[in-house]
$ cat my_file_24.csv   # CSV, C-alpha atoms and all ligand atoms
chain,number,residue,atom,x,y,z
A,1,MET,CA,0.0,0.0,0.0
A,2,THR,CA,1.3,3.5,-0.8
A,3,ASN,CA,2.3,5.4,2.3
A,4,HIS,CA,1.3,8.9,3.3
A,5,LEU,CA,4.6,10.4,2.1
A,6,GLN,CA,4.0,9.0,-1.4
A,7,LEU,CA,0.4,10.2,-1.4
A,8,ALA,CA,1.5,13.7,-0.3
A,9,ALA,CA,4.0,13.8,-3.2
A,10,TYR,CA,1.1,13.1,-5.6
A,11,ARG,CA,-1.2,15.7,-4.1
A,12,ILE,CA,-2.9,18.1,-6.4
A,13,ASP,CA,-4.8,21.1,-4.9
A,14,PRO,CA,-8.5,20.3,-5.5
A,15,ALA,CA,-9.0,24.0,-6.3
A,16,LEU,CA,-7.0,23.5,-9.5
A,17,VAL,CA,-9.3,20.7,-10.7
A,18,PRO,CA,-11.8,21.9,-13.3
A,19,HIS,CA,-15.5,22.0,-12.1
A,20,ARG,CA,-18.8,22.0,-14.0
A,21,ARG,CA,-21.7,24.2,-13.1
A,22,LEU,CA,-25.0,22.3,-13.0
A,23,ALA,CA,-28.3,23.9,-13.9
A,24,SER,CA,-28.9,24.3,-10.1
A,25,GLY,CA,-25.8,26.4,-9.8
A,26,ALA,CA,-24.0,23.6,-7.9
A,27,ARG,CA,-20.3,22.9,-8.8
A,28,ILE,CA,-19.3,19.3,-9.4
A,29,PRO,CA,-15.6,18.3,-9.9
A,30,ALA,CA,-15.1,17.5,-13.6
A,31,ILE,CA,-13.5,14.1,-12.7
A,32,GLY,CA,-14.6,11.6,-10.1
A,33,LEU,CA,-13.4,8.2,-8.9
A,34,GLY,CA,-15.4,5.2,-10.1
A,35,THR,CA,-16.0,2.6,-7.4
A,36,PHE,CA,-17.3,-0.4,-9.3
A,37,GLY,CA,-14.6,-3.0,-8.7
A,38,SER,CA,-16.3,-5.6,-10.9
A,39,ASP,CA,-15.4,-8.9,-9.5
A,40,HIS,CA,-11.7,-8.5,-9.4
A,41,VAL,CA,-11.0,-6.3,-6.4
A,42,THR,CA,-12.4,-6.4,-2.9
A,43,ALA,CA,-14.7,-3.8,-1.2
A,44,ARG,CA,-11.8,-3.0,1.1
A,45,GLN,CA,-9.4,-2.2,-1.8
A,46,VAL,CA,-12.0,0.2,-3.3
A,47,ALA,CA,-12.5,1.8,0.1
A,48,ASP,CA,-8.7,2.2,0.4
A,49,ALA,CA,-8.7,3.8,-3.0
A,50,VAL,CA,-11.2,6.3,-1.9
A,51,VAL,CA,-9.0,7.3,1.0
A,52,SER,CA,-5.9,7.6,-1.2
A,53,ALA,CA,-7.8,9.5,-3.9
A,54,SER,CA,-9.0,12.1,-1.5
A,55,ALA,CA,-5.5,12.5,-0.1
A,56,ILE,CA,-4.4,13.0,-3.8
A,57,GLY,CA,-7.1,15.6,-4.4
A,58,TYR,CA,-10.2,13.9,-5.6
A,59,ARG,CA,-13.5,15.1,-4.1
A,60,HIS,CA,-16.0,13.3,-6.3
A,61,PHE,CA,-16.9,9.7,-5.8
A,62,ASP,CA,-19.3,7.6,-8.0
A,63,CYS,CA,-21.0,5.0,-5.8
A,64,ALA,CA,-23.9,2.6,-6.2
A,65,SER,CA,-25.7,0.2,-3.9
A,66,VAL,CA,-25.2,-2.7,-6.3
A,67,TYR,CA,-21.4,-2.3,-6.2
A,68,GLY,CA,-21.6,-4.0,-2.8
A,69,ASN,CA,-19.1,-1.7,-1.1
A,70,GLU,CA,-21.0,1.3,0.2
A,71,LYS,CA,-20.5,0.2,3.9
A,72,GLU,CA,-16.7,0.0,3.4
A,73,ILE,CA,-16.8,3.3,1.4
A,74,GLY,CA,-18.8,4.8,4.3
A,75,ALA,CA,-15.9,3.9,6.7
A,76,ALA,CA,-13.5,5.4,4.2
A,77,LEU,CA,-15.5,8.6,4.0
A,78,ARG,CA,-15.5,8.9,7.8
A,79,GLU,CA,-11.7,8.7,7.7
A,80,VAL,CA,-11.6,11.3,4.9
A,81,MET,CA,-13.7,13.7,6.9
A,82,ALA,CA,-11.8,13.0,10.1
A,83,SER,CA,-8.7,14.0,8.2
A,84,GLY,CA,-10.1,17.5,7.8
A,85,ILE,CA,-12.0,17.5,4.5
A,86,PRO,CA,-15.5,18.9,5.2
A,87,ARG,CA,-18.5,17.1,3.9
A,88,GLU,CA,-19.5,20.2,1.7
A,89,GLU,CA,-16.2,19.7,-0.3
A,90,LEU,CA,-17.2,16.2,-1.3
A,91,TRP,CA,-19.5,15.2,-4.1
A,92,ILE,CA,-21.0,11.8,-3.4
A,93,THR,CA,-23.2,10.0,-6.0
A,94,SER,CA,-25.2,6.8,-5.4
A,95,LYS,CA,-27.7,4.9,-7.5
A,96,LEU,CA,-31.0,3.1,-7.2
A,97,TRP,CA,-30.7,-0.5,-8.3
A,98,ASN,CA,-33.1,-2.1,-10.7
A,99,ASP,CA,-35.0,-4.2,-8.3
A,100,LYS,CA,-35.9,-1.1,-6.2
A,101,HIS,CA,-38.0,0.9,-8.6
A,102,GLY,CA,-41.2,0.1,-6.7
A,103,GLU,CA,-42.8,3.2,-5.1
A,104,GLU,CA,-42.3,1.7,-1.7
A,105,ASP,CA,-38.7,0.9,-2.3
A,106,VAL,CA,-37.1,4.1,-3.6
A,107,ILE,CA,-36.9,6.1,-0.4
A,108,ALA,CA,-36.0,3.1,1.7
A,109,SER,CA,-33.2,2.2,-0.7
A,110,CYS,CA,-31.8,5.7,-0.7
A,111,ARG,CA,-31.9,5.7,3.1
A,112,GLN,CA,-30.0,2.4,3.1
A,113,SER,CA,-27.3,3.9,0.9
A,114,LEU,CA,-27.1,7.0,3.2
A,115,ALA,CA,-26.8,4.7,6.3
A,116,ASP,CA,-24.1,2.6,4.6
A,117,LEU,CA,-22.2,5.6,3.4
A,118,GLY,CA,-22.6,7.3,6.8
A,119,LEU,CA,-24.1,10.5,5.2
A,120,SER,CA,-27.1,12.7,5.9
A,121,TYR,CA,-27.5,13.6,2.3
A,122,LEU,CA,-26.2,12.6,-1.2
A,123,ASP,CA,-25.1,15.2,-3.7
A,124,LEU,CA,-26.6,13.1,-6.5
A,125,TYR,CA,-28.9,10.0,-6.7
A,126,LEU,CA,-29.4,8.3,-10.1
A,127,VAL,CA,-31.8,5.7,-11.4
A,128,HIS,CA,-29.1,3.2,-12.4
A,129,TRP,CA,-30.9,1.7,-15.4
A,130,PRO,CA,-34.3,2.5,-16.9
A,131,PHE,CA,-35.5,-1.1,-16.6
A,132,PRO,CA,-36.9,-2.5,-13.4
A,133,ASN,CA,-35.5,-6.0,-13.2
A,134,PHE,CA,-33.9,-8.2,-10.7
A,135,HIS,CA,-30.7,-9.9,-11.6
A,136,PRO,CA,-28.1,-10.9,-9.1
A,137,PRO,CA,-24.8,-8.9,-9.0
A,138,GLY,CA,-22.2,-10.7,-11.0
A,139,CYS,CA,-24.6,-12.9,-13.0
A,140,ASP,CA,-23.9,-14.0,-16.5
A,141,VAL,CA,-25.1,-11.8,-19.3
A,142,GLY,CA,-27.4,-14.7,-20.4
A,143,PHE,CA,-29.3,-14.4,-17.1
A,144,ARG,CA,-33.0,-13.4,-17.6
A,145,GLY,CA,-35.0,-12.3,-14.6
A,146,GLY,CA,-38.6,-13.6,-14.6
A,147,ASN,CA,-39.9,-10.1,-14.1
A,148,ALA,CA,-37.9,-8.3,-16.9
A,149,GLU,CA,-39.9,-5.7,-18.8
A,150,ALA,CA,-39.5,-3.2,-21.5
A,151,TYR,CA,-39.1,0.6,-20.7
A,152,ILE,CA,-42.6,1.6,-19.7
A,153,HIS,CA,-42.7,5.4,-19.3
A,154,GLY,CA,-45.5,5.4,-16.7
A,155,HIS,CA,-43.6,3.0,-14.6
A,156,TYR,CA,-40.4,5.0,-14.8
A,157,MET,CA,-42.3,8.2,-13.9
A,158,ARG,CA,-43.7,6.5,-10.8
A,159,THR,CA,-40.1,5.8,-9.7
A,160,TRP,CA,-39.1,9.4,-10.7
A,161,ARG,CA,-41.8,10.9,-8.5
A,162,LYS,CA,-40.2,9.2,-5.6
A,163,MET,CA,-36.8,10.4,-6.7
A,164,GLU,CA,-38.3,13.9,-6.7
A,165,GLU,CA,-39.6,13.3,-3.2
A,166,LEU,CA,-36.1,12.5,-2.0
A,167,VAL,CA,-35.1,16.0,-3.1
A,168,ASP,CA,-38.1,17.5,-1.2
A,169,LEU,CA,-37.1,15.5,1.9
A,170,GLY,CA,-33.5,17.0,1.7
A,171,LEU,CA,-32.0,13.5,1.4
A,172,VAL,CA,-30.5,14.2,-2.0
A,173,HIS,CA,-29.5,17.5,-3.6
A,174,HIS,CA,-29.8,16.4,-7.2
A,175,ILE,CA,-31.4,13.5,-9.1
A,176,GLY,CA,-30.3,12.1,-12.4
A,177,THR,CA,-30.7,9.4,-15.0
A,178,SER,CA,-28.3,6.7,-16.3
A,179,ASN,CA,-28.2,4.5,-19.4
A,180,MET,CA,-30.9,6.5,-21.1
A,181,THR,CA,-31.5,7.3,-24.8
A,182,VAL,CA,-32.8,10.4,-26.5
A,183,PRO,CA,-36.4,9.2,-26.8
A,184,LYS,CA,-36.6,8.1,-23.2
A,185,LEU,CA,-35.0,11.2,-21.9
A,186,SER,CA,-37.3,13.4,-24.0
A,187,LEU,CA,-40.3,11.9,-22.2
A,188,VAL,CA,-38.7,12.3,-18.7
A,189,LEU,CA,-37.9,15.9,-19.5
A,190,ARG,CA,-41.5,16.5,-20.6
A,191,ASP,CA,-43.0,15.0,-17.5
A,192,ALA,CA,-40.5,15.7,-14.7
A,193,ARG,CA,-41.2,18.2,-11.9
A,194,ILE,CA,-37.5,18.1,-11.0
A,195,ARG,CA,-35.5,17.6,-14.1
A,196,PRO,CA,-32.5,15.3,-14.2
A,197,ALA,CA,-29.3,17.2,-13.4
A,198,VAL,CA,-27.1,14.7,-15.1
A,199,ASN,CA,-27.2,11.7,-17.4
A,200,GLU,CA,-24.5,9.0,-16.7
A,201,MET,CA,-23.6,7.2,-19.9
A,202,GLU,CA,-20.8,5.2,-21.4
A,203,LEU,CA,-18.4,7.6,-23.2
A,204,HIS,CA,-14.9,7.0,-24.4
A,205,PRO,CA,-13.1,7.7,-27.7
A,206,HIS,CA,-14.5,4.6,-29.3
A,207,PHE,CA,-18.0,5.3,-28.1
A,208,GLN,CA,-18.7,9.0,-28.3
A,209,GLN,CA,-22.5,8.9,-28.6
A,210,PRO,CA,-22.6,12.4,-30.3
A,211,ALA,CA,-26.3,12.6,-30.6
A,212,LEU,CA,-27.1,11.8,-27.0
A,213,PHE,CA,-24.1,13.8,-25.7
A,214,ASP,CA,-25.4,16.9,-27.6
A,215,PHE,CA,-29.0,16.3,-26.5
A,216,VAL,CA,-27.9,16.0,-22.8
A,217,ARG,CA,-26.0,19.2,-22.9
A,218,ALA,CA,-28.5,21.1,-24.9
A,219,HIS,CA,-31.1,20.3,-22.2
A,220,GLY,CA,-29.0,21.6,-19.3
A,221,MET,CA,-27.8,18.2,-18.0
A,222,GLU,CA,-24.2,17.2,-17.4
A,223,PRO,CA,-22.9,14.1,-19.2
A,224,ILE,CA,-21.1,11.9,-16.7
A,225,ALA,CA,-18.8,9.5,-18.5
A,226,TYR,CA,-18.5,6.0,-17.4
A,227,CYS,CA,-15.9,3.5,-18.7
A,228,PRO,CA,-13.9,6.6,-19.8
A,229,LEU,CA,-10.8,4.4,-20.5
A,230,GLY,CA,-12.8,1.7,-22.2
A,231,SER,CA,-13.0,-0.4,-19.0
A,232,PRO,CA,-9.9,-2.5,-19.6
A,233,GLY,CA,-10.5,-4.4,-16.3
A,234,ARG,CA,-14.1,-5.4,-17.0
A,235,PRO,CA,-15.0,-9.1,-16.4
A,236,GLU,CA,-15.0,-11.7,-19.2
A,237,ARG,CA,-18.8,-11.8,-19.2
A,238,ASP,CA,-18.9,-8.2,-20.4
A,239,ARG,CA,-16.6,-8.8,-23.4
A,240,THR,CA,-17.5,-9.6,-26.9
A,241,PRO,CA,-15.3,-10.3,-29.9
A,242,GLU,CA,-16.3,-7.0,-31.6
A,243,ASP,CA,-15.1,-4.8,-28.7
A,244,THR,CA,-12.2,-2.5,-29.3
A,245,SER,CA,-10.0,-0.6,-26.8
A,246,PRO,CA,-9.4,3.1,-27.0
A,247,LEU,CA,-6.2,2.6,-25.1
A,248,ASP,CA,-4.8,0.6,-28.0
A,249,ASP,CA,-6.0,3.0,-30.7
A,250,PRO,CA,-3.1,4.2,-32.9
A,251,ALA,CA,-4.3,7.8,-32.7
A,252,ILE,CA,-4.5,7.8,-28.9
A,253,ARG,CA,-1.1,6.1,-28.7
A,254,THR,CA,0.5,8.6,-31.1
A,255,ILE,CA,-0.7,11.5,-29.0
A,256,ALA,CA,0.4,9.8,-25.8
A,257,GLY,CA,3.8,9.1,-27.2
A,258,ARG,CA,4.3,12.7,-28.3
A,259,ILE,CA,3.4,14.2,-24.9
A,260,GLY,CA,5.0,11.4,-22.9
A,261,VAL,CA,1.9,10.1,-21.0
A,262,HIS,CA,-0.1,6.8,-20.8
A,263,PRO,CA,-3.0,6.5,-23.3
A,264,SER,CA,-5.3,6.7,-20.2
A,265,ALA,CA,-4.3,10.3,-19.7
A,266,VAL,CA,-5.1,11.2,-23.3
A,267,CYS,CA,-8.6,9.7,-22.9
A,268,LEU,CA,-9.2,11.7,-19.8
A,269,LYS,CA,-7.9,15.0,-21.2
A,270,TRP,CA,-10.1,14.5,-24.3
A,271,ALA,CA,-13.1,13.7,-22.0
A,272,VAL,CA,-12.8,16.9,-19.9
A,273,GLN,CA,-12.0,19.1,-22.9
A,274,ARG,CA,-14.9,17.8,-24.9
A,275,GLY,CA,-17.3,18.6,-22.0
A,276,GLN,CA,-18.0,15.4,-20.1
A,277,THR,CA,-17.2,14.4,-16.6
A,278,PRO,CA,-15.2,11.1,-16.5
A,279,ILE,CA,-15.3,8.8,-13.5
A,280,PRO,CA,-12.3,6.5,-14.1
A,281,PHE,CA,-11.9,3.5,-11.7
A,282,SER,CA,-8.6,2.5,-10.2
A,283,VAL,CA,-7.3,0.9,-7.0
A,284,ASN,CA,-3.7,1.7,-8.0
A,285,PRO,CA,-2.6,5.0,-6.4
A,286,ASP,CA,-0.1,5.6,-9.2
A,287,HIS,CA,-3.0,5.4,-11.7
A,288,VAL,CA,-5.4,7.4,-9.5
A,289,ALA,CA,-2.8,10.2,-9.3
A,290,ALA,CA,-1.9,10.1,-13.0
A,291,ASN,CA,-5.6,10.3,-13.9
A,292,LEU,CA,-6.1,13.5,-11.8
A,293,ARG,CA,-2.8,14.9,-13.1
A,294,ALA,CA,-3.9,14.4,-16.7
A,295,ILE,CA,-6.7,16.8,-16.3
A,296,VAL,CA,-4.8,19.6,-14.6
A,297,SER,CA,-1.8,19.5,-16.9
A,298,ASP,CA,-1.3,20.6,-20.5
A,299,PRO,CA,-4.5,20.3,-22.6
A,300,LEU,CA,-4.6,18.5,-25.9
A,301,THR,CA,-4.3,20.6,-29.1
A,302,ALA,CA,-7.2,21.3,-31.4
A,303,ASP,CA,-5.6,18.9,-33.9
A,304,ASP,CA,-5.5,16.2,-31.2
A,305,MET,CA,-9.2,16.8,-30.4
A,306,ARG,CA,-10.1,16.5,-34.1
A,307,ALA,CA,-8.0,13.3,-34.4
A,308,ILE,CA,-9.9,11.7,-31.5
A,309,ALA,CA,-13.3,12.9,-32.8
A,310,ALA,CA,-12.5,10.9,-35.9
A,311,ILE,CA,-11.8,7.5,-34.2
A,312,ASP,CA,-15.4,7.0,-32.8
A,313,ARG,CA,-16.3,3.4,-33.6
A,314,ASN,CA,-19.8,3.4,-32.0
A,315,CYS,CA,-18.4,0.5,-29.9
A,316,ARG,CA,-20.7,0.1,-26.9
A,317,LEU,CA,-19.0,-2.1,-24.3
A,318,ILE,CA,-21.7,-2.2,-21.6
A,319,LYS,CA,-24.5,-3.7,-23.7
A,320,GLY,CA,-26.9,-4.5,-20.9
A,321,GLN,CA,-28.0,-7.9,-22.2
A,322,VAL,CA,-29.4,-8.9,-18.8
A,323,PHE,CA,-32.2,-6.4,-19.4
A,324,LEU,CA,-33.7,-8.0,-22.5
A,325,TRP,CA,-37.3,-8.8,-21.8
A,326,LYS,CA,-38.2,-11.4,-24.4
A,327,ASP,CA,-36.7,-14.1,-26.6
A,328,GLY,CA,-35.3,-13.2,-30.0
A,329,GLN,CA,-34.1,-9.7,-29.1
A,330,SER,CA,-30.7,-8.3,-29.6
A,331,TRP,CA,-29.0,-6.0,-27.1
A,332,GLU,CA,-29.4,-3.1,-29.5
A,333,ASP,CA,-33.1,-3.1,-28.7
A,334,LEU,CA,-32.3,-1.8,-25.3
A,335,TRP,CA,-30.9,1.4,-26.8
A,336,ASP,CA,-33.8,2.4,-29.1
A,337,PRO,CA,-31.9,2.1,-32.4
A,338,ASN,CA,-34.7,3.4,-34.5
A,339,GLY,CA,-35.0,6.7,-32.5
A,340,GLU,CA,-38.2,5.5,-30.8
A,341,ILE,CA,-38.6,3.6,-27.6
A,342,THR,CA,-38.5,-0.1,-28.5
A,343,PRO,CA,-42.0,-1.3,-27.9
A,344,PRO,CA,-42.8,-4.2,-25.5
B,401,LIG,N1,-24.0,4.0,-14.5
B,401,LIG,C1,-23.6,2.9,-14.9
B,401,LIG,O1,-24.4,2.0,-15.4
B,401,LIG,C2,-22.1,2.5,-14.9
B,401,LIG,C3,-21.7,1.4,-15.7
B,401,LIG,C4,-20.3,1.1,-15.6
B,401,LIG,C5,-19.5,1.9,-14.8
B,401,LIG,N2,-19.9,2.9,-14.1
B,401,LIG,C6,-19.0,3.7,-13.2
B,401,LIG,O2,-17.9,4.1,-14.0
B,401,LIG,C7,-16.7,3.8,-13.4
B,401,LIG,C8,-15.6,3.6,-14.4
B,401,LIG,O3,-15.9,2.5,-15.3
B,401,LIG,P1,-15.0,1.2,-15.4
B,401,LIG,O4,-14.4,1.0,-14.1
B,401,LIG,O5,-15.8,0.1,-16.0
B,401,LIG,O6,-14.0,1.6,-16.5
B,401,LIG,P2,-12.7,2.6,-16.7
B,401,LIG,O7,-12.7,3.6,-15.6
B,401,LIG,O8,-12.7,3.0,-18.1
B,401,LIG,O9,-11.5,1.6,-16.5
B,401,LIG,C9,-11.0,1.1,-15.3
B,401,LIG,C10,-9.8,0.2,-15.5
B,401,LIG,O10,-8.7,1.0,-16.0
B,401,LIG,C11,-7.5,0.7,-15.3
B,401,LIG,N3,-6.8,2.0,-15.1
B,401,LIG,C12,-7.3,3.2,-14.5
B,401,LIG,N4,-6.4,4.2,-14.6
B,401,LIG,C13,-5.4,3.7,-15.3
B,401,LIG,C14,-4.1,4.2,-15.7
B,401,LIG,N5,-3.8,5.5,-15.4
B,401,LIG,N6,-3.3,3.4,-16.4
B,401,LIG,C15,-3.6,2.2,-16.7
B,401,LIG,N7,-4.7,1.6,-16.3
B,401,LIG,C16,-5.6,2.3,-15.6
B,401,LIG,C17,-8.0,0.2,-13.9
B,401,LIG,O11,-7.1,-0.7,-13.4
B,401,LIG,P3,-6.2,-0.4,-12.0
B,401,LIG,O12,-7.1,-0.5,-10.9
B,401,LIG,O13,-5.2,-1.4,-12.1
B,401,LIG,O14,-5.7,1.0,-12.2
B,401,LIG,C18,-9.3,-0.5,-14.2
B,401,LIG,O15,-9.1,-1.8,-14.6
B,401,LIG,C19,-17.1,2.6,-12.5
B,401,LIG,O16,-16.2,2.3,-11.5
B,401,LIG,C20,-18.5,3.0,-12.0
B,401,LIG,O17,-18.3,3.9,-10.9
B,401,LIG,C21,-21.3,3.2,-14.1

$ encode --input "my_file_24.csv" --output "structure tokens"
Amino acid sequence: MTNHLQLAAYRIDPALVPHRRLASGARIPAIGLGTFGSDHVTARQVADAVVSASAIGYRHFDCASVYGNEKEIGAALREVMASGIPREELWITSKLWNDKHGEEDVIASCRQSLADLGLSYLDLYLVHWPFPNFHPPGCDVGFRGGNAEAYIHGHYMRTWRKMEELVDLGLVHHIGTSNMTVPKLSLVLRDARIRPAVNEMELHPHFQQPALFDFVRAHGMEPIAYCPLGSPGRPERDRTPEDTSPLDDPAIRTIAGRIGVHPSAVCLKWAVQRGQTPIPFSVNPDHVAANLRAIVSDPLTADDMRAIAAIDRNCRLIKGQVFLWKDGQSWEDLWDPNGEITPP
């Protein structure tokens, strides 16, 4: 484990880290630490990474009940706050899991995350996926829950009303969506009393989602970028032969070679300069530090940005197969490929 002296040497003043201004006026650090360790690291390792990352200068942490580590992260956050970082300087996100969309479950589930994280409020609470569906954490992509259903807007809005109530109760400061599409978000924006502050979505140089990215920003939401490095550590079950890796892309590697950084740093500079908020995961303090350093050091040139814009491969890595609701479907159906919500 990296010692305190090494962490101090890595430290970056959080005031130097770029921030975004949300529609509410709140400021969110333009990079966060992901906390989904897949199956390959323990909850304790992720919690240790939270402590290291805050010593390095991170203030934004992307959590979720389904990651199975909120209790350990809660202990880590207590340590972080005991070290002198006030709660108001932290940005903590959590997410409602798919089997808790029921009206009676939303508030209880949020309260459980708050209890586990040891907090009195969350900065942001997301509906993790737009499909209510039980599947056990870590299950194979071929798993089909007996209760799987299509996106039904009326059902989503019943859940959203409870999300809005969480804001009214002061338990969360902002609410947001995740894994949405333009047609689904259009309906939510039409019907929401409290609009989503953010949409969390897969975004990396091989999956730039330009239409959804532009839509999200045009409607005053912040795009939060998951898998910003192309998720090189994701489990086998989430890999398919068509997947490509932005870290191996010749354009990214050429830029990285020229400026003397790891390809990860190029992906993160690109993300922040393009206007999204990446949440890279790492339990390696060298990587955690390098990722923060990437976004406070020299920016990419306009030519670099153009070169990366040109390598989009529309390569979605997190396909969501477990949410398919009937036989004979392909995972694309989950993402409304025809510009309309895929009918049940
Ligand atoms: N809303 C959603 O549905 C959703 C879905 C997926 C993910 N997420 C969130 O997004 C976060 C990030 O996604 P992700 O973890 O799948 O993918 P990612 O951040 O693109 O990639 C993480 C992987 O990159 C490696 N890495 C990190 N920094 C590195 C560096 N500087 N050099 C070399 N390797 C580096 C990490 O390994 P080391 O630990 O060895 O550094 C880890 O294996 C998750 O943790 C989670 O919080 C949300």

$ residues_around --input "my_file_24.csv" --residues "Val182 (chain A)" --least-positions-apart "3" --cutoff "10 Å" --atoms "all atoms listed in the file" --output "number ranges by chain"
A: 185-188, 211-216, 335-336, 339-341

$ closest_residue --input "my_file_24.csv" --among "A:Ser83, A:Thr159, A:Gln329, A:Ser264" --to "ligand LIG 401 (chain B)" --atoms "all atoms listed in the file"
A:Ser264

$ residues_near_ligand --input "my_file_24.csv" --ligand "ligand LIG 401 (chain B)" --cutoff "7 Å" --atoms "only C-alpha atoms and all ligand atoms" --output "compact mmCIF listing (two decimals) with C-alpha atoms, in the frame of the given file"
# COMPACT_ATOMS: atom_id res chain seq x y z
CA LEU A 33 -13.40 8.20 -8.90
CA GLY A 34 -15.40 5.20 -10.10
CA THR A 35 -16.00 2.60 -7.40
CA PHE A 36 -17.30 -0.40 -9.30
CA GLY A 37 -14.60 -3.00 -8.70
CA ASP A 62 -19.30 7.60 -8.00
CA CYS A 63 -21.00 5.00 -5.80
CA HIS A 128 -29.10 3.20 -12.40
CA TRP A 129 -30.90 1.70 -15.40
CA SER A 178 -28.30 6.70 -16.30
CA ASN A 179 -28.20 4.50 -19.40
CA GLU A 200 -24.50 9.00 -16.70
CA MET A 201 -23.60 7.20 -19.90
CA GLU A 202 -20.80 5.20 -21.40
CA TYR A 226 -18.50 6.00 -17.40
CA CYS A 227 -15.90 3.50 -18.70
CA PRO A 228 -13.90 6.60 -19.80
CA LEU A 229 -10.80 4.40 -20.50
CA GLY A 230 -12.80 1.70 -22.20
CA SER A 231 -13.00 -0.40 -19.00
CA PRO A 232 -9.90 -2.50 -19.60
CA GLY A 233 -10.50 -4.40 -16.30
CA ARG A 234 -14.10 -5.40 -17.00
CA HIS A 262 -0.10 6.80 -20.80
CA SER A 264 -5.30 6.70 -20.20
CA ALA A 265 -4.30 10.30 -19.70
CA ILE A 279 -15.30 8.80 -13.50
CA PRO A 280 -12.30 6.50 -14.10
CA PHE A 281 -11.90 3.50 -11.70
CA SER A 282 -8.60 2.50 -10.20
CA VAL A 283 -7.30 0.90 -7.00
CA ASN A 284 -3.70 1.70 -8.00
CA HIS A 287 -3.00 5.40 -11.70
CA VAL A 288 -5.40 7.40 -9.50
CA ALA A 290 -1.90 10.10 -13.00
CA ASN A 291 -5.60 10.30 -13.90
CA ILE A 318 -21.70 -2.20 -21.60

$ residues_around --input "my_file_24.csv" --residues "Tyr58 (chain A)" --least-positions-apart "3" --cutoff "7 Å" --atoms "only C-alpha atoms" --output "PDB file with C-alpha atoms, in the coordinates of the input"
ATOM      1  CA  PRO A  14      -8.500  20.300  -5.500  1.00  0.00           C
ATOM      2  CA  GLY A  32     -14.600  11.600 -10.100  1.00  0.00           C
ATOM      3  CA  ALA A  53      -7.800   9.500  -3.900  1.00  0.00           C
ATOM      4  CA  SER A  54      -9.000  12.100  -1.500  1.00  0.00           C
TER       5      SER A  54
END

$ atom_distance --input "my_file_24.csv" --atom1 "CA of Arg316 (chain A)" --atom2 "CA of Thr277 (chain A)"
18.0 Å

$ residues_around --input "my_file_24.csv" --residues "Asp48 (chain A)" --least-positions-apart "6" --cutoff "12 Å" --atoms "all atoms listed in the file" --output "VMD selection string"
chain A and resid 1 to 3 35 41 to 42 54 to 55 69 72 to 77 79 to 80 282 to 285 288

$ atom_distance --input "my_file_24.csv" --atom1 "CA of Gln208 (chain A)" --atom2 "CA of Asp304 (chain A)"
15.3 Å

$ atom_distance --input "my_file_24.csv" --atom1 "CA of Ala218 (chain A)" --atom2 "CA of Leu268 (chain A)"
22.1 Å

$ closest_residue --input "my_file_24.csv" --among "A:His155, A:Arg258, A:Arg21, A:Lys71" --to "Ala43 (chain A)" --atoms "all atoms listed in the file"
A:Lys71

$ build_atoms --input "my_file_24.csv" --residues "region 259-269 of chain A" --atoms "N, CA and C atoms" --output "mmCIF file, in the frame of the given file"
data_model
loop_
_atom_site.group_PDB
_atom_site.id
_atom_site.type_symbol
_atom_site.label_atom_id
_atom_site.label_comp_id
_atom_site.auth_asym_id
_atom_site.auth_seq_id
_atom_site.Cartn_x
_atom_site.Cartn_y
_atom_site.Cartn_z
ATOM 1 N N ILE A 259 3.369 13.332 -26.146
ATOM 2 C CA ILE A 259 3.400 14.200 -24.900
ATOM 3 C C ILE A 259 3.936 13.398 -23.725
ATOM 4 N N GLY A 260 4.281 12.120 -23.937
ATOM 5 C CA GLY A 260 5.000 11.400 -22.900
ATOM 6 C C GLY A 260 4.035 10.970 -21.725
ATOM 7 N N VAL A 261 2.806 10.537 -22.051
ATOM 8 C CA VAL A 261 1.900 10.100 -21.000
ATOM 9 C C VAL A 261 1.299 8.720 -21.413
ATOM 10 N N HIS A 262 0.617 8.063 -20.465
ATOM 11 C CA HIS A 262 -0.100 6.800 -20.800
ATOM 12 C C HIS A 262 -1.334 7.133 -21.599
ATOM 13 N N PRO A 263 -1.758 6.251 -22.477
ATOM 14 C CA PRO A 263 -3.000 6.500 -23.300
ATOM 15 C C PRO A 263 -4.204 6.879 -22.387
ATOM 16 N N SER A 264 -4.237 6.389 -21.145
ATOM 17 C CA SER A 264 -5.300 6.700 -20.200
ATOM 18 C C SER A 264 -5.435 8.261 -20.081
ATOM 19 N N ALA A 265 -4.269 8.888 -19.959
ATOM 20 C CA ALA A 265 -4.300 10.300 -19.700
ATOM 21 C C ALA A 265 -4.839 11.071 -20.939
ATOM 22 N N VAL A 266 -4.585 10.541 -22.128
ATOM 23 C CA VAL A 266 -5.100 11.200 -23.300
ATOM 24 C C VAL A 266 -6.659 11.050 -23.348
ATOM 25 N N CYS A 267 -7.170 9.863 -22.975
ATOM 26 C CA CYS A 267 -8.600 9.700 -22.900
ATOM 27 C C CYS A 267 -9.273 10.648 -21.950
ATOM 28 N N LEU A 268 -8.613 10.880 -20.824
ATOM 29 C CA LEU A 268 -9.200 11.700 -19.800
ATOM 30 C C LEU A 268 -9.122 13.211 -20.163
ATOM 31 N N LYS A 269 -7.998 13.614 -20.739
ATOM 32 C CA LYS A 269 -7.900 15.000 -21.200
ATOM 33 C C LYS A 269 -8.974 15.275 -22.252
#
